[in-house]
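Everything on this sheet refers to the single structure shown next.
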Amino acid sequence: MPAAFLARLIAIAAAFALLAQPAAAQSILRDAETEALLNDMAAPLIEAAGLAPGNVSIVLVNDPSINAFVSSGQAVYLHSGLIDAADTANEVQGVIAHELGHITGGHVIRGGEAVGVATNISLVSMLLGVAAAVAGAGDAAMGVIMAGQQAAMGKFLAFTRVQESSADAAGAAYLSKAGISGRGSLAFFGKLQNQEFRYGYSQKDEATFGRTHPLSGDRIATLREDYIADPAWDKQDDAALQTRFERVKAKLSGYLARPERTLRDFPDSMTGVPARYARAYAYHKNAMIPQALAETDALLAMDPTDPYFLELKGQVLLESGQPDEALEPLRKAAAMTNNEPLIAAVFGHALIATEDKSNFEEAEGVLRAAVARDRLNPFAWYQLGVVYAARGDMARARLASAEQQVMSRQYETALRSAQAAEAGLPQGSPDWLRAQDIAMQARAMLEQDGRNR
(Lines give C-alpha, C1' and ligand atoms only; values in the text may rest on other atoms or scores of the structure.)
Protein backbone atom coordinates (compact mmCIF):
# COMPACT_ATOMS: atom_id res chain seq x y z
CA MET A 1 0.00 0.00 0.00
CA PRO A 2 1.53 3.39 -0.97
CA ALA A 3 2.74 5.47 2.00
CA ALA A 4 0.65 8.49 0.93
CA PHE A 5 -2.49 6.34 0.78
CA LEU A 6 -1.81 4.91 4.24
CA ALA A 7 -1.26 8.42 5.60
CA ARG A 8 -4.63 9.46 4.17
CA LEU A 9 -6.35 6.56 5.94
CA ILE A 10 -4.73 7.48 9.24
CA ALA A 11 -5.76 11.13 8.85
CA ILE A 12 -9.38 10.18 8.16
CA ALA A 13 -9.47 7.84 11.17
CA ALA A 14 -7.99 10.56 13.37
CA ALA A 15 -10.62 13.08 12.26
CA PHE A 16 -13.48 10.88 13.46
CA ALA A 17 -11.58 9.99 16.63
CA LEU A 18 -11.50 13.70 17.43
CA LEU A 19 -15.25 13.98 16.85
CA ALA A 20 -15.79 11.19 19.35
CA GLN A 21 -13.77 12.85 22.14
CA PRO A 22 -15.45 14.97 24.83
CA ALA A 23 -14.91 18.73 24.84
CA ALA A 24 -11.39 19.60 25.94
CA ALA A 25 -10.93 21.15 29.33
CA GLN A 26 -11.09 24.91 29.15
CA SER A 27 -10.23 27.67 31.57
CA ILE A 28 -13.16 28.46 33.85
CA LEU A 29 -13.73 32.00 35.11
CA ARG A 30 -15.20 32.25 38.60
CA ASP A 31 -16.46 35.43 40.25
CA ALA A 32 -19.10 35.71 42.96
CA GLU A 33 -20.96 38.65 41.43
CA THR A 34 -20.93 37.16 37.93
CA GLU A 35 -22.17 33.76 39.09
CA ALA A 36 -24.96 35.35 41.12
CA LEU A 37 -26.07 37.32 38.05
CA LEU A 38 -25.99 34.35 35.68
CA ASN A 39 -27.90 32.19 38.16
CA ASP A 40 -30.59 34.86 38.56
CA MET A 41 -30.84 35.29 34.78
CA ALA A 42 -31.21 31.54 34.27
CA ALA A 43 -33.53 30.72 37.21
CA PRO A 44 -36.90 31.45 35.53
CA LEU A 45 -35.78 29.62 32.38
CA ILE A 46 -34.61 26.57 34.31
CA GLU A 47 -37.99 26.45 36.03
CA ALA A 48 -39.78 26.84 32.69
CA ALA A 49 -37.74 23.94 31.30
CA GLY A 50 -38.92 21.72 34.14
CA LEU A 51 -35.42 21.28 35.55
CA ALA A 52 -34.38 21.48 39.21
CA PRO A 53 -32.52 24.79 39.78
CA GLY A 54 -29.94 23.22 42.08
CA ASN A 55 -28.99 20.68 39.42
CA VAL A 56 -28.22 23.14 36.61
CA SER A 57 -24.93 25.06 36.53
CA ILE A 58 -24.16 28.14 34.43
CA VAL A 59 -20.41 28.19 33.86
CA LEU A 60 -18.33 30.98 32.33
CA VAL A 61 -15.46 29.88 30.08
CA ASN A 62 -12.45 32.05 29.26
CA ASP A 63 -12.75 32.01 25.47
CA PRO A 64 -13.07 35.12 23.25
CA SER A 65 -15.23 33.38 20.64
CA ILE A 66 -18.99 33.92 20.57
CA ASN A 67 -20.20 30.53 21.64
CA ALA A 68 -22.05 28.47 24.23
CA PHE A 69 -22.45 24.73 24.70
CA VAL A 70 -23.63 22.00 27.04
CA SER A 71 -21.57 19.06 28.17
CA SER A 72 -22.19 15.98 30.27
CA GLY A 73 -24.48 16.65 33.20
CA GLN A 74 -26.77 19.65 33.40
CA ALA A 75 -24.27 22.44 32.80
CA VAL A 76 -24.48 25.37 30.39
CA TYR A 77 -21.11 26.83 29.38
CA LEU A 78 -21.00 30.43 28.16
CA HIS A 79 -17.89 31.83 26.50
CA SER A 80 -16.58 35.15 27.76
CA GLY A 81 -16.71 36.34 24.14
CA LEU A 82 -20.46 35.82 24.15
CA ILE A 83 -20.88 38.10 27.18
CA ASP A 84 -18.67 40.70 25.51
CA ALA A 85 -20.72 40.55 22.30
CA ALA A 86 -24.12 40.80 24.01
CA ASP A 87 -25.63 44.21 24.65
CA THR A 88 -28.36 43.10 27.02
CA ALA A 89 -29.07 40.51 29.67
CA ASN A 90 -32.08 39.51 27.57
CA GLU A 91 -29.78 38.46 24.71
CA VAL A 92 -27.85 36.15 27.03
CA GLN A 93 -31.10 34.74 28.40
CA GLY A 94 -32.03 33.79 24.83
CA VAL A 95 -28.78 31.83 24.55
CA ILE A 96 -29.30 30.15 27.93
CA ALA A 97 -32.84 29.14 26.91
CA HIS A 98 -31.46 27.57 23.72
CA GLU A 99 -28.80 25.61 25.63
CA LEU A 100 -31.39 24.37 28.11
CA GLY A 101 -33.20 23.01 25.06
CA HIS A 102 -30.14 20.88 24.37
CA ILE A 103 -30.22 19.56 27.94
CA THR A 104 -33.92 18.68 27.96
CA GLY A 105 -33.57 17.14 24.50
CA GLY A 106 -30.78 14.83 25.68
CA HIS A 107 -28.62 16.06 22.82
CA VAL A 108 -25.25 15.39 24.47
CA ILE A 109 -26.05 11.69 24.78
CA ARG A 110 -27.69 11.47 21.37
CA GLY A 111 -24.79 13.40 19.83
CA GLY A 112 -22.48 10.61 20.95
CA GLU A 113 -24.76 8.12 19.23
CA ALA A 114 -24.61 10.16 16.02
CA VAL A 115 -20.81 10.18 16.13
CA GLY A 116 -20.89 6.41 16.57
CA VAL A 117 -23.10 5.94 13.50
CA ALA A 118 -20.92 8.25 11.42
CA THR A 119 -17.78 6.48 12.61
CA ASN A 120 -19.25 3.09 11.65
CA ILE A 121 -19.98 4.36 8.14
CA SER A 122 -16.45 5.72 7.99
CA LEU A 123 -14.84 2.48 9.15
CA VAL A 124 -16.85 0.36 6.68
CA SER A 125 -15.78 2.57 3.78
CA MET A 126 -12.17 2.42 4.98
CA LEU A 127 -12.23 -1.39 5.13
CA LEU A 128 -13.69 -1.57 1.62
CA GLY A 129 -11.07 0.90 0.45
CA VAL A 130 -8.24 -1.10 2.01
CA ALA A 131 -9.52 -4.25 0.31
CA ALA A 132 -9.55 -2.47 -3.05
CA ALA A 133 -6.06 -1.07 -2.42
CA VAL A 134 -4.67 -4.48 -1.56
CA ALA A 135 -6.17 -5.75 -4.83
CA GLY A 136 -4.21 -3.03 -6.63
CA ALA A 137 -7.07 -0.60 -7.37
CA GLY A 138 -5.61 2.39 -5.54
CA ASP A 139 -7.70 5.06 -7.27
CA ALA A 140 -10.91 3.10 -6.79
CA ALA A 141 -10.00 2.56 -3.13
CA MET A 142 -9.63 6.29 -2.52
CA GLY A 143 -12.96 6.91 -4.24
CA VAL A 144 -14.72 4.38 -2.00
CA ILE A 145 -13.19 5.91 1.12
CA MET A 146 -13.93 9.52 0.17
CA ALA A 147 -17.54 8.68 -0.70
CA GLY A 148 -17.90 6.96 2.65
CA GLN A 149 -16.39 9.89 4.52
CA GLN A 150 -18.71 12.34 2.76
CA ALA A 151 -21.74 10.23 3.66
CA ALA A 152 -20.62 9.89 7.27
CA MET A 153 -19.89 13.58 7.72
CA GLY A 154 -23.13 14.55 5.97
CA LYS A 155 -25.13 12.31 8.30
CA PHE A 156 -23.42 13.74 11.38
CA LEU A 157 -23.86 17.38 10.32
CA ALA A 158 -27.50 16.85 9.40
CA PHE A 159 -28.07 15.38 12.85
CA THR A 160 -26.49 18.39 14.60
CA ARG A 161 -28.58 20.82 12.50
CA VAL A 162 -31.76 19.02 13.58
CA GLN A 163 -30.64 19.27 17.20
CA GLU A 164 -29.98 23.01 16.86
CA SER A 165 -33.43 23.60 15.36
CA SER A 166 -35.01 21.55 18.14
CA ALA A 167 -33.12 23.58 20.78
CA ASP A 168 -34.23 26.83 19.10
CA ALA A 169 -37.88 25.78 19.40
CA ALA A 170 -37.47 24.60 22.99
CA GLY A 171 -35.66 27.81 23.93
CA ALA A 172 -38.49 29.90 22.49
CA ALA A 173 -41.00 27.89 24.52
CA TYR A 174 -39.02 28.40 27.74
CA LEU A 175 -38.73 32.15 27.18
CA SER A 176 -42.49 32.33 26.61
CA LYS A 177 -43.32 30.27 29.68
CA ALA A 178 -40.98 32.41 31.81
CA GLY A 179 -42.60 35.60 30.47
CA ILE A 180 -39.34 36.81 28.92
CA SER A 181 -39.34 38.55 25.54
CA GLY A 182 -37.71 36.87 22.55
CA ARG A 183 -36.39 40.22 21.26
CA GLY A 184 -32.98 39.52 22.74
CA SER A 185 -32.85 36.09 21.15
CA LEU A 186 -33.54 37.55 17.69
CA ALA A 187 -31.06 40.36 18.30
CA PHE A 188 -28.34 37.88 19.15
CA PHE A 189 -29.09 35.75 16.11
CA GLY A 190 -28.70 39.01 14.15
CA LYS A 191 -25.21 39.38 15.61
CA LEU A 192 -24.37 35.83 14.54
CA GLN A 193 -25.68 36.56 11.04
CA ASN A 194 -23.50 39.68 10.82
CA GLN A 195 -20.54 37.55 11.85
CA GLU A 196 -21.34 35.07 9.07
CA PHE A 197 -21.40 37.93 6.56
CA ARG A 198 -18.14 39.33 7.94
CA TYR A 199 -16.34 36.01 7.58
CA GLY A 200 -17.79 35.35 4.15
CA TYR A 201 -19.97 32.34 4.99
CA SER A 202 -22.24 31.53 2.07
CA GLN A 203 -25.93 32.14 2.75
CA LYS A 204 -27.07 29.90 -0.11
CA ASP A 205 -29.24 26.90 0.66
CA GLU A 206 -26.67 24.42 -0.65
CA ALA A 207 -24.09 25.76 1.81
CA THR A 208 -26.16 24.38 4.68
CA PHE A 209 -24.95 20.84 3.91
CA GLY A 210 -21.49 21.52 5.34
CA ARG A 211 -22.63 23.32 8.50
CA THR A 212 -23.25 22.13 12.06
CA HIS A 213 -25.90 24.87 12.60
CA PRO A 214 -28.71 26.17 10.38
CA LEU A 215 -28.01 29.55 8.80
CA SER A 216 -28.73 32.35 11.24
CA GLY A 217 -31.05 34.03 8.74
CA ASP A 218 -33.13 30.86 8.51
CA ARG A 219 -33.28 30.62 12.30
CA ILE A 220 -34.44 34.23 12.57
CA ALA A 221 -37.13 33.68 9.94
CA THR A 222 -38.34 30.51 11.69
CA LEU A 223 -38.52 32.07 15.16
CA ARG A 224 -39.62 35.63 14.42
CA GLU A 225 -43.30 34.84 13.88
CA ASP A 226 -43.57 32.84 17.11
CA TYR A 227 -41.71 35.47 19.13
CA ILE A 228 -43.80 38.39 17.84
CA ALA A 229 -47.03 36.52 18.53
CA ASP A 230 -45.97 35.71 22.09
CA PRO A 231 -47.58 37.82 24.87
CA ALA A 232 -44.11 38.53 26.30
CA TRP A 233 -42.83 40.13 23.07
CA ASP A 234 -43.50 43.71 24.22
CA LYS A 235 -42.51 43.11 27.81
CA GLN A 236 -39.76 45.47 28.93
CA ASP A 237 -36.40 44.07 29.97
CA ASP A 238 -35.76 43.76 33.69
CA ALA A 239 -34.01 47.08 34.44
CA ALA A 240 -32.26 45.82 37.59
CA LEU A 241 -30.98 42.75 35.75
CA GLN A 242 -29.70 44.93 32.90
CA THR A 243 -27.87 47.22 35.34
CA ARG A 244 -26.18 44.21 36.92
CA PHE A 245 -25.32 42.84 33.48
CA GLU A 246 -23.61 46.07 32.44
CA ARG A 247 -21.54 45.97 35.64
CA VAL A 248 -20.46 42.39 35.10
CA LYS A 249 -19.73 42.90 31.43
CA ALA A 250 -17.44 45.85 32.20
CA LYS A 251 -15.83 43.94 35.08
CA LEU A 252 -15.13 41.00 32.78
CA SER A 253 -13.71 43.29 30.10
CA GLY A 254 -11.43 44.97 32.63
CA TYR A 255 -10.22 41.60 33.88
CA LEU A 256 -9.61 39.97 30.49
CA ALA A 257 -8.76 42.76 28.04
CA ARG A 258 -5.38 44.41 27.71
CA PRO A 259 -5.25 47.46 30.02
CA GLU A 260 -4.68 49.88 27.16
CA ARG A 261 -7.85 48.68 25.45
CA THR A 262 -9.83 48.97 28.68
CA LEU A 263 -8.59 52.51 29.36
CA ARG A 264 -9.45 53.45 25.78
CA ASP A 265 -12.95 51.97 25.98
CA PHE A 266 -13.60 53.40 29.45
CA PRO A 267 -11.91 56.83 29.61
CA ASP A 268 -11.82 58.95 32.78
CA SER A 269 -14.74 60.99 31.47
CA MET A 270 -16.99 57.96 32.15
CA THR A 271 -17.81 57.99 35.85
CA GLY A 272 -20.50 55.33 36.15
CA VAL A 273 -20.09 52.02 37.96
CA PRO A 274 -19.23 49.91 34.87
CA ALA A 275 -16.45 52.28 33.78
CA ARG A 276 -14.93 52.50 37.25
CA TYR A 277 -15.10 48.73 37.59
CA ALA A 278 -13.26 48.23 34.30
CA ARG A 279 -10.61 50.87 35.04
CA ALA A 280 -9.95 49.46 38.52
CA TYR A 281 -9.00 46.12 36.98
CA ALA A 282 -6.94 47.76 34.23
CA TYR A 283 -4.96 49.86 36.71
CA HIS A 284 -4.47 46.86 38.98
CA LYS A 285 -3.14 44.76 36.10
CA ASN A 286 -0.72 47.57 35.25
CA ALA A 287 0.45 47.69 38.90
CA MET A 288 -0.92 51.23 39.18
CA ILE A 289 -2.19 50.60 42.70
CA PRO A 290 -3.03 54.19 43.79
CA GLN A 291 -5.18 54.63 40.66
CA ALA A 292 -6.86 51.24 41.19
CA LEU A 293 -7.66 52.09 44.81
CA ALA A 294 -8.97 55.51 43.77
CA GLU A 295 -11.49 53.75 41.52
CA THR A 296 -12.54 51.29 44.24
CA ASP A 297 -12.93 54.16 46.73
CA ALA A 298 -15.08 56.03 44.22
CA LEU A 299 -17.25 52.93 43.86
CA LEU A 300 -17.60 52.63 47.63
CA ALA A 301 -18.49 56.31 47.84
CA MET A 302 -21.47 55.48 45.61
CA ASP A 303 -22.49 52.52 47.78
CA PRO A 304 -20.47 51.73 50.94
CA THR A 305 -22.49 48.56 51.53
CA ASP A 306 -21.94 46.90 48.17
CA PRO A 307 -20.11 43.63 48.99
CA TYR A 308 -18.58 43.34 45.53
CA PHE A 309 -17.02 46.81 45.76
CA LEU A 310 -15.58 45.80 49.14
CA GLU A 311 -14.33 42.53 47.67
CA LEU A 312 -12.59 44.38 44.85
CA LYS A 313 -10.85 46.79 47.23
CA GLY A 314 -9.71 43.90 49.41
CA GLN A 315 -8.45 42.02 46.38
CA VAL A 316 -6.42 44.99 45.12
CA LEU A 317 -4.88 45.52 48.58
CA LEU A 318 -4.13 41.82 49.05
CA GLU A 319 -2.55 41.31 45.64
CA SER A 320 -0.45 44.47 46.02
CA GLY A 321 1.18 43.14 49.18
CA GLN A 322 -1.06 44.80 51.78
CA PRO A 323 -2.92 41.86 53.38
CA ASP A 324 -3.43 43.58 56.75
CA GLU A 325 -5.27 46.45 55.06
CA ALA A 326 -7.28 43.96 52.98
CA LEU A 327 -8.84 42.27 56.01
CA GLU A 328 -11.44 44.90 56.85
CA PRO A 329 -13.11 45.18 53.43
CA LEU A 330 -12.92 41.42 52.84
CA ARG A 331 -14.36 40.61 56.28
CA LYS A 332 -17.26 42.98 55.57
CA ALA A 333 -17.82 41.51 52.10
CA ALA A 334 -17.85 37.96 53.48
CA ALA A 335 -20.29 38.91 56.25
CA MET A 336 -22.64 40.74 53.85
CA THR A 337 -22.82 37.74 51.52
CA ASN A 338 -23.22 35.15 54.26
CA ASN A 339 -19.69 33.90 53.61
CA GLU A 340 -20.16 33.45 49.85
CA PRO A 341 -17.54 30.74 49.12
CA LEU A 342 -15.48 32.60 46.51
CA ILE A 343 -15.30 35.76 48.64
CA ALA A 344 -14.62 33.71 51.78
CA ALA A 345 -11.72 31.97 50.02
CA VAL A 346 -10.07 35.33 49.26
CA PHE A 347 -10.69 36.47 52.85
CA GLY A 348 -9.11 33.25 54.17
CA HIS A 349 -6.13 33.82 51.88
CA ALA A 350 -5.73 37.36 53.24
CA LEU A 351 -5.78 36.09 56.83
CA ILE A 352 -3.01 33.62 55.99
CA ALA A 353 -1.02 36.19 54.03
CA THR A 354 -0.69 38.40 57.11
CA GLU A 355 1.64 35.67 58.48
CA ASP A 356 0.10 36.39 61.86
CA LYS A 357 -0.50 32.99 63.49
CA SER A 358 -3.31 34.48 65.57
CA ASN A 359 -5.31 34.83 62.31
CA PHE A 360 -4.96 31.19 61.32
CA GLU A 361 -7.81 29.86 63.46
CA GLU A 362 -10.21 32.33 61.84
CA ALA A 363 -8.79 31.45 58.42
CA GLU A 364 -9.45 27.75 59.03
CA GLY A 365 -13.07 28.41 60.00
CA VAL A 366 -13.66 30.66 57.00
CA LEU A 367 -12.07 28.22 54.54
CA ARG A 368 -13.79 25.13 55.96
CA ALA A 369 -17.12 26.92 55.57
CA ALA A 370 -16.19 27.87 52.01
CA VAL A 371 -15.37 24.32 50.86
CA ALA A 372 -18.40 22.92 52.68
CA ARG A 373 -20.64 25.07 50.45
CA ASP A 374 -18.52 24.82 47.30
CA ARG A 375 -16.28 21.77 47.10
CA LEU A 376 -15.25 22.66 43.54
CA ASN A 377 -12.98 25.47 44.67
CA PRO A 378 -9.33 24.41 44.29
CA PHE A 379 -8.04 27.77 45.53
CA ALA A 380 -9.90 27.42 48.85
CA TRP A 381 -8.65 23.85 49.26
CA TYR A 382 -5.08 24.98 48.65
CA GLN A 383 -5.37 27.72 51.27
CA LEU A 384 -6.92 25.28 53.75
CA GLY A 385 -3.98 22.96 53.18
CA VAL A 386 -1.62 25.81 54.06
CA VAL A 387 -3.44 26.31 57.38
CA TYR A 388 -3.31 22.60 58.23
CA ALA A 389 0.40 22.42 57.39
CA ALA A 390 1.15 25.49 59.53
CA ARG A 391 -0.33 23.81 62.59
CA GLY A 392 1.40 20.48 61.84
CA ASP A 393 -1.67 18.50 60.72
CA MET A 394 0.08 17.04 57.69
CA ALA A 395 -2.49 14.31 57.03
CA ARG A 396 -5.29 16.85 56.50
CA ALA A 397 -2.90 19.15 54.65
CA ARG A 398 -2.27 16.32 52.19
CA LEU A 399 -6.00 15.62 51.94
CA ALA A 400 -6.67 19.27 51.11
CA SER A 401 -3.89 19.12 48.51
CA ALA A 402 -5.46 16.00 47.00
CA GLU A 403 -8.81 17.79 46.72
CA GLN A 404 -7.16 20.68 44.89
CA GLN A 405 -5.01 18.45 42.67
CA VAL A 406 -7.79 16.15 41.48
CA MET A 407 -9.86 19.20 40.45
CA SER A 408 -6.83 20.56 38.59
CA ARG A 409 -6.47 17.20 36.75
CA GLN A 410 -3.12 16.48 38.41
CA TYR A 411 -4.16 12.87 38.89
CA GLU A 412 -0.79 11.26 39.67
CA THR A 413 -0.01 13.90 42.29
CA ALA A 414 -3.55 13.69 43.68
CA LEU A 415 -3.21 9.90 44.04
CA ARG A 416 0.04 10.23 46.00
CA SER A 417 -1.42 12.97 48.22
CA ALA A 418 -4.57 10.96 48.90
CA GLN A 419 -2.60 7.85 49.78
CA ALA A 420 -0.37 9.83 52.15
CA ALA A 421 -3.43 11.41 53.77
CA GLU A 422 -5.15 8.04 54.17
CA ALA A 423 -2.09 6.62 55.92
CA GLY A 424 -2.10 9.43 58.50
CA LEU A 425 -5.84 9.78 59.21
CA PRO A 426 -7.91 7.81 61.75
CA GLN A 427 -9.20 4.70 60.00
CA GLY A 428 -12.91 4.91 59.22
CA SER A 429 -13.15 8.66 59.84
CA PRO A 430 -14.95 10.87 57.26
CA ASP A 431 -11.63 12.38 56.14
CA TRP A 432 -10.10 8.88 55.78
CA LEU A 433 -13.04 7.78 53.63
CA ARG A 434 -12.74 10.94 51.54
CA ALA A 435 -9.03 10.22 50.94
CA GLN A 436 -10.03 6.76 49.65
CA ASP A 437 -12.63 8.30 47.34
CA ILE A 438 -10.11 10.73 45.86
CA ALA A 439 -7.57 7.94 45.36
CA MET A 440 -10.17 5.85 43.53
CA GLN A 441 -11.17 8.81 41.36
CA ALA A 442 -7.55 9.60 40.50
CA ARG A 443 -6.82 5.94 39.59
CA ALA A 444 -9.92 5.80 37.38
CA MET A 445 -8.93 8.97 35.53
CA LEU A 446 -5.35 7.73 35.06
CA GLU A 447 -6.68 4.46 33.62
CA GLN A 448 -9.04 6.36 31.33
CA ASP A 449 -6.21 8.62 30.14
CA GLY A 450 -4.12 5.51 29.45
CA ARG A 451 -6.90 3.94 27.36
CA ASN A 452 -7.37 7.13 25.34
CA ARG A 453 -3.72 7.37 24.34
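Within each chain, counting starts at residue 1; across the C-alpha coordinates, chains are named A, B, ... in the order shown, with ligands numbered 1 upward in that order.
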Item checked: Test item: residues at most 12 Å from Arg258 (chain A), only C-alpha atoms, excluding those fewer than 6 positions along its chain, as a PyMOL selection string -> chain A and resi 252+264-265+278-279+281-286
Notebook entry, point to check: Which residues come within 12 Å of region 405-417 of chain A, counting only C-alpha atoms, excluding same-chain residues fewer than 5 positions away, as a PyMOL selection string?
Noted result: chain A and resi 25-28+375-382+385+394-400+422-424+434-450
Check: Expressed in Å to a single decimal, how great is the separation between CA of Glu362 (chain A) and CA of Lys332 (chain A)?
Finding: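 Between these atoms lies a distance of 14.2 Å.
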Note to self: I'd like the contact shell of region 342-353 of chain A - 8 Å cut-off, only C-alpha atoms, skipping same-chain residues fewer than 4 positions apart - returned as a PyMOL selection string.
What the structure shows: chain A and resi 30-32+311+315+318+323-324+326-327+330-331+333-334+357+359-360+362-364+366-367+370+377+379-380+383+387
Mind checking which residues fall within 6 Å of region 74-90 of chain A, counting only C-alpha atoms, ignoring those fewer than 4 positions away in the same chain, and posting them as a PDB file with N, CA, C and O atoms, in the first residue's frame?
```
ATOM      1  N   VAL A  56     -28.691  22.518  37.843  1.00  0.00           N
ATOM      2  CA  VAL A  56     -28.218  23.144  36.609  1.00  0.00           C
ATOM      3  C   VAL A  56     -27.160  24.200  36.955  1.00  0.00           C
ATOM      4  O   VAL A  56     -27.403  25.060  37.800  1.00  0.00           O
ATOM      5  N   SER A  57     -26.020  24.108  36.306  1.00  0.00           N
ATOM      6  CA  SER A  57     -24.933  25.064  36.530  1.00  0.00           C
ATOM      7  C   SER A  57     -24.750  25.938  35.293  1.00  0.00           C
ATOM      8  O   SER A  57     -24.822  25.443  34.164  1.00  0.00           O
ATOM      9  N   ILE A  58     -24.517  27.223  35.516  1.00  0.00           N
ATOM     10  CA  ILE A  58     -24.163  28.137  34.435  1.00  0.00           C
ATOM     11  C   ILE A  58     -22.692  28.489  34.637  1.00  0.00           C
ATOM     12  O   ILE A  58     -22.328  29.086  35.653  1.00  0.00           O
ATOM     13  N   VAL A  59     -21.863  28.094  33.702  1.00  0.00           N
ATOM     14  CA  VAL A  59     -20.408  28.187  33.862  1.00  0.00           C
ATOM     15  C   VAL A  59     -19.838  29.136  32.814  1.00  0.00           C
ATOM     16  O   VAL A  59     -20.191  29.045  31.630  1.00  0.00           O
ATOM     17  N   LEU A  60     -18.958  30.023  33.235  1.00  0.00           N
ATOM     18  CA  LEU A  60     -18.327  30.982  32.327  1.00  0.00           C
ATOM     19  C   LEU A  60     -16.952  30.478  31.930  1.00  0.00           C
ATOM     20  O   LEU A  60     -16.113  30.159  32.785  1.00  0.00           O
ATOM     21  N   VAL A  61     -16.706  30.401  30.626  1.00  0.00           N
ATOM     22  CA  VAL A  61     -15.459  29.876  30.078  1.00  0.00           C
ATOM     23  C   VAL A  61     -14.628  31.027  29.506  1.00  0.00           C
ATOM     24  O   VAL A  61     -15.161  31.904  28.819  1.00  0.00           O
ATOM     25  N   ASN A  62     -13.348  31.025  29.789  1.00  0.00           N
ATOM     26  CA  ASN A  62     -12.454  32.054  29.259  1.00  0.00           C
ATOM     27  C   ASN A  62     -12.119  31.739  27.801  1.00  0.00           C
ATOM     28  O   ASN A  62     -11.166  31.023  27.502  1.00  0.00           O
ATOM     29  N   ASP A  63     -12.938  32.243  26.908  1.00  0.00           N
ATOM     30  CA  ASP A  63     -12.751  32.014  25.473  1.00  0.00           C
ATOM     31  C   ASP A  63     -13.348  33.206  24.739  1.00  0.00           C
ATOM     32  O   ASP A  63     -14.529  33.516  24.922  1.00  0.00           O
ATOM     33  N   PRO A  64     -12.577  33.898  23.895  1.00  0.00           N
ATOM     34  CA  PRO A  64     -13.074  35.116  23.253  1.00  0.00           C
ATOM     35  C   PRO A  64     -14.082  34.879  22.137  1.00  0.00           C
ATOM     36  O   PRO A  64     -14.684  35.837  21.640  1.00  0.00           O
ATOM     37  N   SER A  65     -14.292  33.632  21.726  1.00  0.00           N
ATOM     38  CA  SER A  65     -15.228  33.376  20.641  1.00  0.00           C
ATOM     39  C   SER A  65     -16.667  33.506  21.150  1.00  0.00           C
ATOM     40  O   SER A  65     -16.945  33.381  22.336  1.00  0.00           O
ATOM     41  N   ILE A  66     -17.583  33.771  20.223  1.00  0.00           N
ATOM     42  CA  ILE A  66     -18.993  33.918  20.573  1.00  0.00           C
ATOM     43  C   ILE A  66     -19.632  32.544  20.502  1.00  0.00           C
ATOM     44  O   ILE A  66     -20.009  32.067  19.429  1.00  0.00           O
ATOM     45  N   ASN A  67     -19.735  31.907  21.664  1.00  0.00           N
ATOM     46  CA  ASN A  67     -20.200  30.527  21.644  1.00  0.00           C
ATOM     47  C   ASN A  67     -20.772  30.145  23.009  1.00  0.00           C
ATOM     48  O   ASN A  67     -20.530  30.817  24.017  1.00  0.00           O
ATOM     49  N   ALA A  68     -21.524  29.079  23.019  1.00  0.00           N
ATOM     50  CA  ALA A  68     -22.046  28.468  24.230  1.00  0.00           C
ATOM     51  C   ALA A  68     -22.268  27.000  23.917  1.00  0.00           C
ATOM     52  O   ALA A  68     -22.447  26.618  22.757  1.00  0.00           O
ATOM     53  N   PHE A  69     -22.252  26.154  24.945  1.00  0.00           N
ATOM     54  CA  PHE A  69     -22.453  24.730  24.703  1.00  0.00           C
ATOM     55  C   PHE A  69     -22.872  24.058  26.002  1.00  0.00           C
ATOM     56  O   PHE A  69     -22.779  24.639  27.091  1.00  0.00           O
ATOM     57  N   VAL A  70     -23.361  22.834  25.874  1.00  0.00           N
ATOM     58  CA  VAL A  70     -23.630  22.002  27.038  1.00  0.00           C
ATOM     59  C   VAL A  70     -22.729  20.785  26.947  1.00  0.00           C
ATOM     60  O   VAL A  70     -22.326  20.360  25.862  1.00  0.00           O
ATOM     61  N   GLY A 184     -34.421  39.711  22.559  1.00  0.00           N
ATOM     62  CA  GLY A 184     -32.982  39.525  22.741  1.00  0.00           C
ATOM     63  C   GLY A 184     -32.461  38.338  21.965  1.00  0.00           C
ATOM     64  O   GLY A 184     -31.353  38.379  21.420  1.00  0.00           O
ATOM     65  N   GLN A 242     -30.534  44.289  33.918  1.00  0.00           N
ATOM     66  CA  GLN A 242     -29.703  44.929  32.901  1.00  0.00           C
ATOM     67  C   GLN A 242     -28.584  45.747  33.539  1.00  0.00           C
ATOM     68  O   GLN A 242     -27.448  45.733  33.060  1.00  0.00           O
ATOM     69  N   PHE A 245     -26.021  43.384  34.638  1.00  0.00           N
ATOM     70  CA  PHE A 245     -25.316  42.839  33.484  1.00  0.00           C
ATOM     71  C   PHE A 245     -24.247  43.807  32.987  1.00  0.00           C
ATOM     72  O   PHE A 245     -23.125  43.404  32.655  1.00  0.00           O
TER      73      PHE A 245
END
```
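Interatomic distance, CA of Lys251 (chain A) to CA of Met41 (chain A): 17.3 Å.
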Checklist line | Interatomic distance, CA of Thr262 (chain A) to CA of Lys249 (chain A) (Å, one decimal) | finding: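 Spanning CA of Thr262 (chain A) to CA of Lys249 (chain A) is a straight-line distance of 11.9 Å.
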Checklist line | Shortest interatomic distance to Thr34 (chain A) - which of A:Arg247, A:Glu47, A:Thr104, A:Ala178, counting only C-alpha atoms | finding: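 Ranking A:Arg247, A:Glu47, A:Thr104, A:Ala178 by distance to Thr34 (chain A), first place goes to A:Arg247.
Distance check against Ala294 (chain A) using only C-alpha atoms: of A:Trp233, A:Tyr277, A:Tyr308, A:Phe266, the minimum falls on A:Tyr277.
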